[in-house]
Each structure stands twice: as C-alpha cells, then as structure tokens.
Amino acid sequence: MDSITTGVDLVAVTRSLVDIDSTTGCEGEAGRWLAQCLRALGFDVTEQRVDDTRFNVIASCGEPAQVVFSTHFDCVPPFFPSRIEGGRLYGRGACDAKGILAAQVAAAERLKRQGEHGVGLVFVVGEERGSDGAQVANGVAGGCKFLINGEPTDSRLGFATRGAYRLRLRAEGRAAHSSFPELGESAIDKLIDALIELRAIELPTDSVLGRTHYTIGLIDGGIAPNVVSPSAEAEVMFRTVGDVAEIRRAVRPLERRVKVEEILEVPLVRLVTVPGIDTAVFPYTTDIPFLDRWGQPLLFGPGSVHVAHTAEEFIEIAELERAVDLNVSIARELLSRG
C-alpha cells in the first residue's frame, strides 16, 4: 500500500480492484483491500458487516459528512482480470463500478488534502443482486445532505432513472404421454399464449422517461420432450416510468392463463443536478432508492453502460482521470449549498 499513501494512483487502484474477483456474494477480499487502501490514505474506515463474509466499507474524514460518494464493488460474472490497451483499461468491473469507485476515492482524497472534511465514502456489496449492502448501509445514515451515487453515465449527471418491476408468470398443466396430447394440458402452451398476449398490452409512458419496456429474461418448463408439460414459468423485467400500479392493472388479464407473482419492485428516481454538466435520463436502476437516508441523490460516473456486463468491459483512462476533476467540482458545488 506504500505506493498510494501520498495520493491516489488512479489506474493502479482501479486495476488492483479489478484484479480481485468480487462477483456478488464473494466481495470479502475486495472489501479488505479497499478498507486497507482507505486507511492508508488517512480516512476513518468502518467495515459494516452485511453477512458472515461480506461487509460494506464506509469512510469519513473525521467529521460528519455533508456529501457522500457511493458506489458498489460487487460485479456480475464471469470474472476476468485487467489489461491496458489503446488508452483503455479492460476488466470485469472496469466501468461498473470499480473505475468509478477509484475516481471517487481520488476526488475525496484531494478534497481532504485541500482541507475539506465534510466528504464521505459509502461503498457497498450486493448491488447486482438485490442491493442488500445498500439496505444495510441505509441504517447508519444520519445528517448527510447529498449522495453522489456512481454508475456508468458517460460522465453525465442523471436527470432521472427508471424503476424496475419483475414478475414471474407461472403456468400449470397436466402431464400426459406426448402421443396422446389430448389427455394432458400443456403448461408451455399456456405460457406462450400469455407472453404473446403481453406483447399487445399497452404499457405506461412518460414525457421525460419515455415508454415502459420489458424483457423476458428467463423461461423454464416441461420435464421431457415426449411428455406434455405440467408446468412452465417465465420471469419478466419491466423498466418502469411511473407507478407500478398501472402495470399491475395492465397485466391483470394474463391471470386467465397464468399465475402472476411479484418478485422485485424498485421505484424510479428523480435526481439532483448541478450547472455546467450535461444531464441525461438512464433506463437502469441503482442503489439510490435503498440509500434514501443519505441525502438528496445525484448520479454520475465515467464509462458507458453499453459495455458494462459485457465480455469487453472497459473504461477510457482519460475519461477516468477527468471524472476525478468533475467529482471534485460536483462535491464543491453541493458543499456550497450548505
């Protein structure tokens, strides 16, 4: 850790984190490295336990924070380590969100060296699979006025983010030998009919966020190719632009064919912006709804969500460096608002 005791080597910190496999559920080693890094930089660090092996990393400059930088250090699978090529830093988590995390650390460290101690850091586990880390972190918030959450936004400030609403559609049938299909009842046929009907349902729209859209992410059904399927199910993820009650009403006719089970609901978020930085609406969800006690939310980060979760995830090193300056500017603007 000696190489980062007098400042933040942005690329080195990003690569060190990327090279630790912190696939959701396995964040312990990355958390230990991050806590050690922040202590070496002079921050007061708390390791907040989430379960037996995982913890959030919460840091301060020794005073109650008025502005907090936050992001997650878990990643989607599969893990692959870092490399630098053509001015880009590749690796799992490079832009989602370990590069963002490194830029936030560098910004907070610079502010601290310049005498600004009203800045904190909240780095959480579990964002990619239900935000359990953020929910635990929310329990220790107090007095903070602004939360700058980090996700890849192409270095723009988020104006709003869509919500998420996940449903499971479950069809029930009756098994029979496939040579006598009339003796059975195909659950797969029922599920297909429901999904076709779903295509024709009119879903809510919003003048800023656009139209509600959805993806069918999982389908499972049947027991053998020569058996009429006794059961089948699909999971549908809606990206919402308003009250999910409208979607509940819209999909109610499907209940003639399938059982509808709610799995997840994350509300849309309207966000704080600051002058001089481009803004955009983003279709993905974040930890922000689960960190609502940490102050008014902003969303900002270098990198593109279009390469997050892909086999060629990367972040431009030049953009990563600019993000430190922008983070400092954003924090100073928020601190000036008191």
# chains A, B, ... in the order shown; residues from 1 in each chain; ligands from 1
>>> residues_around(residues="stretch 223-227 of chain A", least_positions_apart="6", cutoff="10 Å", atoms="only C-alpha atoms", output="list in words")
Arg174, Ala175, Ala176, His177, Ser178, Ser179, Phe180, Pro181, Gly184 and Ser186 of chain A
>>> select_by_dssp(residues="stretch 27-275 of chain A", states="alpha helix (DSSP H)", output="PyMOL selection string")
chain A and resi 28-40+99-113+132-137+187-199+244-251
>>> select_by_dssp(residues="stretch 164-219 of chain A", states="strand (DSSP E or B)", output="PyMOL selection string")
chain A and resi 164-172+174+177+185+205-206+210-211+213-219
>>> closest_atom_pairs(of="stretch 277-322 of chain A", to="stretch 71-95 of chain A", cutoff="7 Å", atoms="only C-alpha atoms", output="JSON lines")
{"residue": "A:Gly303", "atom": "CA", "partner": "A:Cys95", "partner_atom": "CA", "distance": 5.3}
{"residue": "A:Ala308", "atom": "CA", "partner": "A:Cys95", "partner_atom": "CA", "distance": 6.4}
{"residue": "A:His309", "atom": "CA", "partner": "A:Val76", "partner_atom": "CA", "distance": 6.4}
{"residue": "A:Glu312", "atom": "CA", "partner": "A:Tyr90", "partner_atom": "CA", "distance": 6.8}
{"residue": "A:Glu313", "atom": "CA", "partner": "A:Tyr90", "partner_atom": "CA", "distance": 5.7}
{"residue": "A:Phe314", "atom": "CA", "partner": "A:Tyr90", "partner_atom": "CA", "distance": 4.1}
{"residue": "A:Ile315", "atom": "CA", "partner": "A:Leu89", "partner_atom": "CA", "distance": 5.4}
{"residue": "A:Glu316", "atom": "CA", "partner": "A:Arg88", "partner_atom": "CA", "distance": 4.5}
{"residue": "A:Ile317", "atom": "CA", "partner": "A:Arg88", "partner_atom": "CA", "distance": 5.5}
>>> closest_residue(among="A:Gly221, A:Pro283, A:Gly242, A:Gly99", to="A:Val11", atoms="only C-alpha atoms")
A:Gly99
>>> closest_residue(among="A:Ala194, A:Leu271, A:Leu320, A:Ile201", to="A:Val258", atoms="only C-alpha atoms")
A:Ala194
>>> residues_around(residues="A:Val260", least_positions_apart="5", cutoff="9 Å", atoms="only C-alpha atoms", output="JSON, numbers by chain")
{"A": [167, 168, 169, 170, 251, 252, 254, 255]}
>>> write_last_selection(atoms="all heavy atoms", output="PDB file, in the first residue's frame")
ATOM      1  N   LEU A 167     -41.669  -9.685 -12.578  1.00  0.00           N
ATOM      2  CA  LEU A 167     -42.770 -10.619 -12.354  1.00  0.00           C
ATOM      3  C   LEU A 167     -42.366 -12.016 -12.781  1.00  0.00           C
ATOM      4  O   LEU A 167     -41.588 -12.193 -13.719  1.00  0.00           O
ATOM      5  CB  LEU A 167     -44.003 -10.206 -13.168  1.00  0.00           C
ATOM      6  CG  LEU A 167     -44.648  -8.853 -12.874  1.00  0.00           C
ATOM      7  CD1 LEU A 167     -45.818  -8.623 -13.825  1.00  0.00           C
ATOM      8  CD2 LEU A 167     -45.123  -8.793 -11.427  1.00  0.00           C
ATOM      9  N   ARG A 168     -42.940 -13.004 -12.101  1.00  0.00           N
ATOM     10  CA  ARG A 168     -42.847 -14.389 -12.557  1.00  0.00           C
ATOM     11  C   ARG A 168     -44.242 -14.820 -13.035  1.00  0.00           C
ATOM     12  O   ARG A 168     -45.232 -14.672 -12.294  1.00  0.00           O
ATOM     13  CB  ARG A 168     -42.371 -15.311 -11.446  1.00  0.00           C
ATOM     14  CG  ARG A 168     -42.262 -16.771 -11.878  1.00  0.00           C
ATOM     15  CD  ARG A 168     -41.773 -17.672 -10.761  1.00  0.00           C
ATOM     16  NE  ARG A 168     -40.380 -17.399 -10.425  1.00  0.00           N
ATOM     17  CZ  ARG A 168     -39.968 -16.958  -9.245  1.00  0.00           C
ATOM     18  NH1 ARG A 168     -40.847 -16.699  -8.267  1.00  0.00           N
ATOM     19  NH2 ARG A 168     -38.689 -16.739  -8.998  1.00  0.00           N
ATOM     20  N   LEU A 169     -44.308 -15.307 -14.245  1.00  0.00           N
ATOM     21  CA  LEU A 169     -45.556 -15.848 -14.794  1.00  0.00           C
ATOM     22  C   LEU A 169     -45.464 -17.368 -14.719  1.00  0.00           C
ATOM     23  O   LEU A 169     -44.555 -17.971 -15.307  1.00  0.00           O
ATOM     24  CB  LEU A 169     -45.753 -15.401 -16.242  1.00  0.00           C
ATOM     25  CG  LEU A 169     -45.635 -13.894 -16.523  1.00  0.00           C
ATOM     26  CD1 LEU A 169     -45.942 -13.606 -17.989  1.00  0.00           C
ATOM     27  CD2 LEU A 169     -46.563 -13.097 -15.616  1.00  0.00           C
ATOM     28  N   ARG A 170     -46.386 -17.972 -13.999  1.00  0.00           N
ATOM     29  CA  ARG A 170     -46.316 -19.421 -13.764  1.00  0.00           C
ATOM     30  C   ARG A 170     -47.573 -20.091 -14.324  1.00  0.00           C
ATOM     31  O   ARG A 170     -48.708 -19.740 -13.943  1.00  0.00           O
ATOM     32  CB  ARG A 170     -46.195 -19.693 -12.266  1.00  0.00           C
ATOM     33  CG  ARG A 170     -45.774 -21.116 -11.941  1.00  0.00           C
ATOM     34  CD  ARG A 170     -45.871 -21.376 -10.439  1.00  0.00           C
ATOM     35  NE  ARG A 170     -45.100 -20.451  -9.642  1.00  0.00           N
ATOM     36  CZ  ARG A 170     -43.805 -20.619  -9.367  1.00  0.00           C
ATOM     37  NH1 ARG A 170     -43.164 -21.662  -9.853  1.00  0.00           N
ATOM     38  NH2 ARG A 170     -43.162 -19.749  -8.610  1.00  0.00           N
ATOM     39  N   VAL A 251     -51.451  -5.903 -16.729  1.00  0.00           N
ATOM     40  CA  VAL A 251     -51.184  -7.332 -16.922  1.00  0.00           C
ATOM     41  C   VAL A 251     -52.234  -8.223 -16.276  1.00  0.00           C
ATOM     42  O   VAL A 251     -52.156  -9.453 -16.405  1.00  0.00           O
ATOM     43  CB  VAL A 251     -49.778  -7.705 -16.384  1.00  0.00           C
ATOM     44  CG1 VAL A 251     -48.702  -6.878 -17.066  1.00  0.00           C
ATOM     45  CG2 VAL A 251     -49.693  -7.578 -14.871  1.00  0.00           C
ATOM     46  N   ARG A 252     -53.211  -7.641 -15.622  1.00  0.00           N
ATOM     47  CA  ARG A 252     -54.231  -8.448 -14.935  1.00  0.00           C
ATOM     48  C   ARG A 252     -54.928  -9.455 -15.854  1.00  0.00           C
ATOM     49  O   ARG A 252     -55.223 -10.580 -15.432  1.00  0.00           O
ATOM     50  CB  ARG A 252     -55.238  -7.534 -14.250  1.00  0.00           C
ATOM     51  CG  ARG A 252     -56.112  -8.250 -13.212  1.00  0.00           C
ATOM     52  CD  ARG A 252     -56.823  -7.236 -12.328  1.00  0.00           C
ATOM     53  NE  ARG A 252     -55.877  -6.496 -11.495  1.00  0.00           N
ATOM     54  CZ  ARG A 252     -56.056  -5.240 -11.091  1.00  0.00           C
ATOM     55  NH1 ARG A 252     -57.131  -4.571 -11.451  1.00  0.00           N
ATOM     56  NH2 ARG A 252     -55.145  -4.657 -10.325  1.00  0.00           N
ATOM     57  N   LEU A 254     -53.742 -11.343 -17.968  1.00  0.00           N
ATOM     58  CA  LEU A 254     -52.931 -12.548 -18.119  1.00  0.00           C
ATOM     59  C   LEU A 254     -53.279 -13.606 -17.090  1.00  0.00           C
ATOM     60  O   LEU A 254     -52.973 -14.790 -17.278  1.00  0.00           O
ATOM     61  CB  LEU A 254     -51.445 -12.203 -18.002  1.00  0.00           C
ATOM     62  CG  LEU A 254     -50.863 -11.192 -18.983  1.00  0.00           C
ATOM     63  CD1 LEU A 254     -49.362 -11.024 -18.735  1.00  0.00           C
ATOM     64  CD2 LEU A 254     -51.123 -11.590 -20.426  1.00  0.00           C
ATOM     65  N   GLU A 255     -53.910 -13.188 -15.992  1.00  0.00           N
ATOM     66  CA  GLU A 255     -54.222 -14.131 -14.925  1.00  0.00           C
ATOM     67  C   GLU A 255     -55.251 -15.173 -15.352  1.00  0.00           C
ATOM     68  O   GLU A 255     -55.464 -16.164 -14.643  1.00  0.00           O
ATOM     69  CB  GLU A 255     -54.694 -13.364 -13.686  1.00  0.00           C
ATOM     70  CG  GLU A 255     -53.590 -12.515 -13.065  1.00  0.00           C
ATOM     71  CD  GLU A 255     -54.063 -11.691 -11.887  1.00  0.00           C
ATOM     72  OE1 GLU A 255     -55.296 -11.654 -11.636  1.00  0.00           O
ATOM     73  OE2 GLU A 255     -53.209 -11.086 -11.210  1.00  0.00           O
TER      74      GLU A 255
END
>>> closest_residue(among="A:Thr53, A:Ser16, A:Thr161, A:Asn149", to="A:Gly28", atoms="only C-alpha atoms")
A:Thr53
>>> closest_residue(among="A:Ile188, A:Val241, A:Ile100, A:Ala137", to="A:Thr285", atoms="only C-alpha atoms")
A:Val241
>>> atom_distance(atom1="atom CA of A:Leu147", atom2="atom CA of A:Asp206")
25.5 Å
>>> atom_distance(atom1="atom CA of A:Thr310", atom2="atom CA of A:Thr215")
17.6 Å
>>> residues_around(residues="A:Asp278", least_positions_apart="3", cutoff="12 Å", atoms="only C-alpha atoms", output="list in words")
Thr153, Asp154, Ser155, Arg156, Leu157, Gly158, Phe159, Thr273, Val274, Pro275, Val281, Leu299, Phe300 and Leu326 of chain A
>>> write_last_selection(atoms="C-alpha atoms", output="compact mmCIF listing (two decimals), in the first residue's frame")
# COMPACT_ATOMS: atom_id res chain seq x y z
CA THR A 153 -23.27 7.60 -17.15
CA ASP A 154 -20.70 8.67 -19.79
CA SER A 155 -19.67 11.40 -17.31
CA ARG A 156 -23.11 13.00 -17.39
CA LEU A 157 -25.34 13.70 -14.43
CA GLY A 158 -28.50 11.67 -14.28
CA PHE A 159 -31.72 13.64 -14.50
CA THR A 273 -28.23 18.15 -10.97
CA VAL A 274 -25.64 20.93 -10.92
CA PRO A 275 -24.97 23.61 -13.54
CA VAL A 281 -32.18 10.04 -18.34
CA LEU A 299 -26.00 10.00 -10.29
CA PHE A 300 -22.63 10.36 -12.01
CA LEU A 326 -15.71 16.52 -12.17
>>> atom_distance(atom1="atom CA of A:Phe282", atom2="atom CA of A:Leu209")
8.2 Å
>>> residues_around(residues="stretch 110-114 of chain A", least_positions_apart="2", cutoff="8 Å", atoms="only C-alpha atoms", output="MDAnalysis selection string")
chainID A and resid 7 61 106:108 116:117 119 328
>>> write_last_selection(atoms="C-alpha atoms", output="short mmCIF file (atom, residue, chain, number, x, y, z; two decimals), in the first residue's frame")
data_model
loop_
_atom_site.label_atom_id
_atom_site.label_comp_id
_atom_site.auth_asym_id
_atom_site.auth_seq_id
_atom_site.Cartn_x
_atom_site.Cartn_y
_atom_site.Cartn_z
CA GLY A 7 -2.08 10.33 -3.13
CA CYS A 61 -12.51 12.47 7.00
CA ALA A 106 -9.25 10.13 -5.65
CA ALA A 107 -11.73 13.03 -5.52
CA ALA A 108 -12.42 12.60 -1.80
CA GLU A 116 -12.44 19.90 3.05
CA HIS A 117 -13.51 17.32 5.65
CA VAL A 119 -16.97 14.47 2.42
CA VAL A 328 -14.43 17.40 -7.04
#
>>> residues_around(residues="A:Pro64", least_positions_apart="2", cutoff="12 Å", atoms="only C-alpha atoms", output="PDB file with all heavy atoms, in the first residue's frame")
ATOM      1  N   ASP A  44     -10.949   7.636   8.110  1.00  0.00           N
ATOM      2  CA  ASP A  44     -11.510   6.810   9.169  1.00  0.00           C
ATOM      3  C   ASP A  44     -12.440   5.795   8.515  1.00  0.00           C
ATOM      4  O   ASP A  44     -13.367   6.181   7.792  1.00  0.00           O
ATOM      5  CB  ASP A  44     -12.295   7.662  10.167  1.00  0.00           C
ATOM      6  CG  ASP A  44     -11.399   8.614  10.949  1.00  0.00           C
ATOM      7  OD1 ASP A  44     -10.174   8.379  10.975  1.00  0.00           O
ATOM      8  OD2 ASP A  44     -11.923   9.585  11.505  1.00  0.00           O
ATOM      9  N   ALA A  59     -16.339   5.305   4.921  1.00  0.00           N
ATOM     10  CA  ALA A  59     -15.169   6.093   5.319  1.00  0.00           C
ATOM     11  C   ALA A  59     -15.542   7.560   5.466  1.00  0.00           C
ATOM     12  O   ALA A  59     -16.432   8.071   4.789  1.00  0.00           O
ATOM     13  CB  ALA A  59     -14.053   5.935   4.284  1.00  0.00           C
ATOM     14  N   SER A  60     -14.804   8.240   6.354  1.00  0.00           N
ATOM     15  CA  SER A  60     -15.013   9.671   6.556  1.00  0.00           C
ATOM     16  C   SER A  60     -13.670  10.351   6.749  1.00  0.00           C
ATOM     17  O   SER A  60     -12.629   9.696   6.911  1.00  0.00           O
ATOM     18  CB  SER A  60     -15.905   9.929   7.781  1.00  0.00           C
ATOM     19  OG  SER A  60     -15.181   9.689   8.977  1.00  0.00           O
ATOM     20  N   CYS A  61     -13.710  11.674   6.749  1.00  0.00           N
ATOM     21  CA  CYS A  61     -12.507  12.473   7.002  1.00  0.00           C
ATOM     22  C   CYS A  61     -12.412  12.885   8.465  1.00  0.00           C
ATOM     23  O   CYS A  61     -11.697  13.830   8.810  1.00  0.00           O
ATOM     24  CB  CYS A  61     -12.504  13.712   6.113  1.00  0.00           C
ATOM     25  SG  CYS A  61     -12.544  13.355   4.349  1.00  0.00           S
ATOM     26  N   GLY A  62     -13.167  12.236   9.326  1.00  0.00           N
ATOM     27  CA  GLY A  62     -13.136  12.529  10.753  1.00  0.00           C
ATOM     28  C   GLY A  62     -14.233  13.452  11.218  1.00  0.00           C
ATOM     29  O   GLY A  62     -14.353  13.713  12.413  1.00  0.00           O
ATOM     30  N   GLN A  66     -21.279  15.818   4.848  1.00  0.00           N
ATOM     31  CA  GLN A  66     -22.394  16.524   4.229  1.00  0.00           C
ATOM     32  C   GLN A  66     -22.645  16.032   2.810  1.00  0.00           C
ATOM     33  O   GLN A  66     -23.759  16.096   2.301  1.00  0.00           O
ATOM     34  CB  GLN A  66     -22.113  18.034   4.204  1.00  0.00           C
ATOM     35  CG  GLN A  66     -21.893  18.639   5.576  1.00  0.00           C
ATOM     36  CD  GLN A  66     -23.082  18.409   6.486  1.00  0.00           C
ATOM     37  OE1 GLN A  66     -24.203  18.814   6.170  1.00  0.00           O
ATOM     38  NE2 GLN A  66     -22.848  17.745   7.608  1.00  0.00           N
ATOM     39  N   VAL A  67     -21.586  15.556   2.175  1.00  0.00           N
ATOM     40  CA  VAL A  67     -21.664  14.990   0.815  1.00  0.00           C
ATOM     41  C   VAL A  67     -20.972  13.642   0.840  1.00  0.00           C
ATOM     42  O   VAL A  67     -19.849  13.518   1.339  1.00  0.00           O
ATOM     43  CB  VAL A  67     -20.978  15.912  -0.217  1.00  0.00           C
ATOM     44  CG1 VAL A  67     -20.943  15.242  -1.591  1.00  0.00           C
ATOM     45  CG2 VAL A  67     -21.691  17.252  -0.295  1.00  0.00           C
ATOM     46  N   VAL A  68     -21.647  12.625   0.326  1.00  0.00           N
ATOM     47  CA  VAL A  68     -21.095  11.277   0.323  1.00  0.00           C
ATOM     48  C   VAL A  68     -21.019  10.765  -1.108  1.00  0.00           C
ATOM     49  O   VAL A  68     -21.984  10.854  -1.869  1.00  0.00           O
ATOM     50  CB  VAL A  68     -21.956  10.323   1.185  1.00  0.00           C
ATOM     51  CG1 VAL A  68     -21.652   8.870   0.862  1.00  0.00           C
ATOM     52  CG2 VAL A  68     -21.704  10.569   2.665  1.00  0.00           C
ATOM     53  N   GLU A 116     -10.995  20.093   3.023  1.00  0.00           N
ATOM     54  CA  GLU A 116     -12.439  19.895   3.053  1.00  0.00           C
ATOM     55  C   GLU A 116     -12.740  18.534   3.683  1.00  0.00           C
ATOM     56  O   GLU A 116     -12.464  17.486   3.097  1.00  0.00           O
ATOM     57  CB  GLU A 116     -13.026  19.956   1.641  1.00  0.00           C
ATOM     58  CG  GLU A 116     -14.520  19.768   1.592  1.00  0.00           C
ATOM     59  CD  GLU A 116     -15.242  20.699   2.542  1.00  0.00           C
ATOM     60  OE1 GLU A 116     -15.287  21.913   2.270  1.00  0.00           O
ATOM     61  OE2 GLU A 116     -15.744  20.206   3.586  1.00  0.00           O
ATOM     62  N   HIS A 117     -13.287  18.559   4.906  1.00  0.00           N
ATOM     63  CA  HIS A 117     -13.511  17.321   5.646  1.00  0.00           C
ATOM     64  C   HIS A 117     -14.981  16.916   5.736  1.00  0.00           C
ATOM     65  O   HIS A 117     -15.330  16.001   6.484  1.00  0.00           O
ATOM     66  CB  HIS A 117     -12.909  17.442   7.053  1.00  0.00           C
ATOM     67  CG  HIS A 117     -11.421  17.570   7.040  1.00  0.00           C
ATOM     68  ND1 HIS A 117     -10.767  18.711   7.472  1.00  0.00           N
ATOM     69  CD2 HIS A 117     -10.460  16.711   6.617  1.00  0.00           C
ATOM     70  CE1 HIS A 117      -9.459  18.538   7.334  1.00  0.00           C
ATOM     71  NE2 HIS A 117      -9.250  17.346   6.818  1.00  0.00           N
ATOM     72  N   GLY A 118     -15.838  17.592   4.971  1.00  0.00           N
ATOM     73  CA  GLY A 118     -17.257  17.267   5.005  1.00  0.00           C
ATOM     74  C   GLY A 118     -17.680  16.254   3.954  1.00  0.00           C
ATOM     75  O   GLY A 118     -18.846  16.174   3.584  1.00  0.00           O
ATOM     76  N   VAL A 119     -16.710  15.445   3.476  1.00  0.00           N
ATOM     77  CA  VAL A 119     -16.971  14.465   2.421  1.00  0.00           C
ATOM     78  C   VAL A 119     -16.758  13.061   2.967  1.00  0.00           C
ATOM     79  O   VAL A 119     -15.813  12.815   3.723  1.00  0.00           O
ATOM     80  CB  VAL A 119     -16.044  14.714   1.212  1.00  0.00           C
ATOM     81  CG1 VAL A 119     -16.224  13.630   0.153  1.00  0.00           C
ATOM     82  CG2 VAL A 119     -16.322  16.078   0.607  1.00  0.00           C
ATOM     83  N   GLY A 120     -17.631  12.132   2.579  1.00  0.00           N
ATOM     84  CA  GLY A 120     -17.505  10.748   2.994  1.00  0.00           C
ATOM     85  C   GLY A 120     -17.611   9.794   1.827  1.00  0.00           C
ATOM     86  O   GLY A 120     -17.867  10.203   0.682  1.00  0.00           O
ATOM     87  N   LEU A 121     -17.445   8.507   2.121  1.00  0.00           N
ATOM     88  CA  LEU A 121     -17.483   7.449   1.117  1.00  0.00           C
ATOM     89  C   LEU A 121     -18.310   6.286   1.652  1.00  0.00           C
ATOM     90  O   LEU A 121     -18.138   5.876   2.803  1.00  0.00           O
ATOM     91  CB  LEU A 121     -16.066   6.959   0.801  1.00  0.00           C
ATOM     92  CG  LEU A 121     -15.088   7.998   0.237  1.00  0.00           C
ATOM     93  CD1 LEU A 121     -13.652   7.506   0.385  1.00  0.00           C
ATOM     94  CD2 LEU A 121     -15.402   8.285  -1.227  1.00  0.00           C
ATOM     95  N   ALA A 141     -27.090   5.883   8.218  1.00  0.00           N
ATOM     96  CA  ALA A 141     -27.034   7.246   7.685  1.00  0.00           C
ATOM     97  C   ALA A 141     -27.544   8.232   8.725  1.00  0.00           C
ATOM     98  O   ALA A 141     -28.364   7.896   9.571  1.00  0.00           O
ATOM     99  CB  ALA A 141     -27.871   7.356   6.420  1.00  0.00           C
ATOM    100  N   GLY A 142     -27.044   9.466   8.618  1.00  0.00           N
ATOM    101  CA  GLY A 142     -27.543  10.494   9.520  1.00  0.00           C
ATOM    102  C   GLY A 142     -26.911  11.831   9.247  1.00  0.00           C
ATOM    103  O   GLY A 142     -25.691  11.974   9.368  1.00  0.00           O
ATOM    104  N   GLY A 143     -27.736  12.803   8.853  1.00  0.00           N
ATOM    105  CA  GLY A 143     -27.259  14.167   8.715  1.00  0.00           C
ATOM    106  C   GLY A 143     -26.630  14.523   7.390  1.00  0.00           C
ATOM    107  O   GLY A 143     -26.330  15.691   7.144  1.00  0.00           O
ATOM    108  N   CYS A 144     -26.401  13.555   6.522  1.00  0.00           N
ATOM    109  CA  CYS A 144     -25.791  13.851   5.229  1.00  0.00           C
ATOM    110  C   CYS A 144     -26.820  14.527   4.323  1.00  0.00           C
ATOM    111  O   CYS A 144     -28.004  14.176   4.329  1.00  0.00           O
ATOM    112  CB  CYS A 144     -25.297  12.562   4.581  1.00  0.00           C
ATOM    113  SG  CYS A 144     -24.335  12.818   3.094  1.00  0.00           S
ATOM    114  N   LYS A 145     -26.377  15.498   3.539  1.00  0.00           N
ATOM    115  CA  LYS A 145     -27.309  16.269   2.709  1.00  0.00           C
ATOM    116  C   LYS A 145     -27.378  15.777   1.271  1.00  0.00           C
ATOM    117  O   LYS A 145     -28.418  15.874   0.615  1.00  0.00           O
ATOM    118  CB  LYS A 145     -26.924  17.746   2.736  1.00  0.00           C
ATOM    119  CG  LYS A 145     -27.169  18.416   4.096  1.00  0.00           C
ATOM    120  CD  LYS A 145     -26.860  19.898   4.042  1.00  0.00           C
ATOM    121  CE  LYS A 145     -27.352  20.608   5.300  1.00  0.00           C
ATOM    122  NZ  LYS A 145     -26.779  20.058   6.531  1.00  0.00           N
ATOM    123  N   TRP A 294     -29.359   8.940   3.002  1.00  0.00           N
ATOM    124  CA  TRP A 294     -28.054   9.570   2.845  1.00  0.00           C
ATOM    125  C   TRP A 294     -28.135  10.920   2.151  1.00  0.00           C
ATOM    126  O   TRP A 294     -27.110  11.485   1.773  1.00  0.00           O
ATOM    127  CB  TRP A 294     -27.100   8.651   2.094  1.00  0.00           C
ATOM    128  CG  TRP A 294     -26.596   7.521   2.939  1.00  0.00           C
ATOM    129  CD1 TRP A 294     -27.103   6.263   3.023  1.00  0.00           C
ATOM    130  CD2 TRP A 294     -25.476   7.553   3.830  1.00  0.00           C
ATOM    131  NE1 TRP A 294     -26.385   5.502   3.918  1.00  0.00           N
ATOM    132  CE2 TRP A 294     -25.372   6.271   4.429  1.00  0.00           C
ATOM    133  CE3 TRP A 294     -24.550   8.538   4.192  1.00  0.00           C
ATOM    134  CZ2 TRP A 294     -24.389   5.950   5.359  1.00  0.00           C
ATOM    135  CZ3 TRP A 294     -23.564   8.223   5.118  1.00  0.00           C
ATOM    136  CH2 TRP A 294     -23.491   6.942   5.691  1.00  0.00           C
TER     137      TRP A 294
END
>>> closest_residue(among="A:Leu34, A:Leu191, A:Val140, A:Ala318", to="A:Lys259", atoms="only C-alpha atoms")
A:Leu191
>>> residues_around(residues="A:Ile219", least_positions_apart="3", cutoff="9 Å", atoms="only C-alpha atoms", output="ChimeraX atom specification")
/A:216,232-235
>>> write_last_selection(atoms="all heavy atoms", output="CSV table (one decimal), in the first residue's frame")
chain,number,residue,atom,x,y,z
A,216,ILE,N,-38.1,-10.5,-21.4
A,216,ILE,CA,-38.3,-11.8,-20.8
A,216,ILE,C,-37.0,-12.5,-20.6
A,216,ILE,O,-36.3,-12.9,-21.6
A,216,ILE,CB,-39.2,-12.7,-21.8
A,216,ILE,CG1,-40.5,-12.0,-22.0
A,216,ILE,CG2,-39.5,-14.1,-21.2
A,216,ILE,CD1,-41.3,-12.5,-23.2
A,232,ALA,N,-44.7,-24.6,-16.3
A,232,ALA,CA,-43.8,-23.7,-17.1
A,232,ALA,C,-43.8,-22.3,-16.4
A,232,ALA,O,-44.8,-21.9,-15.8
A,232,ALA,CB,-44.2,-23.6,-18.5
A,233,GLU,N,-42.7,-21.6,-16.5
A,233,GLU,CA,-42.7,-20.2,-16.0
A,233,GLU,C,-41.7,-19.3,-16.7
A,233,GLU,O,-40.8,-19.8,-17.4
A,233,GLU,CB,-42.3,-20.3,-14.5
A,233,GLU,CG,-40.9,-20.8,-14.2
A,233,GLU,CD,-40.6,-20.8,-12.7
A,233,GLU,OE1,-41.5,-21.2,-11.9
A,233,GLU,OE2,-39.5,-20.4,-12.3
A,234,ALA,N,-41.9,-18.1,-16.6
A,234,ALA,CA,-41.1,-17.1,-17.2
A,234,ALA,C,-40.9,-15.9,-16.2
A,234,ALA,O,-41.9,-15.6,-15.5
A,234,ALA,CB,-41.6,-16.6,-18.5
A,235,GLU,N,-39.8,-15.3,-16.3
A,235,GLU,CA,-39.6,-14.0,-15.5
A,235,GLU,C,-39.5,-12.9,-16.4
A,235,GLU,O,-38.7,-12.9,-17.4
A,235,GLU,CB,-38.3,-14.1,-14.6
A,235,GLU,CG,-38.5,-15.1,-13.5
A,235,GLU,CD,-37.5,-15.0,-12.4
A,235,GLU,OE1,-36.8,-13.9,-12.3
A,235,GLU,OE2,-37.4,-15.9,-11.6
>>> closest_residue(among="A:Arg293, A:Ala245, A:Val50, A:Ala160", to="A:Val272", atoms="only C-alpha atoms")
A:Ala160
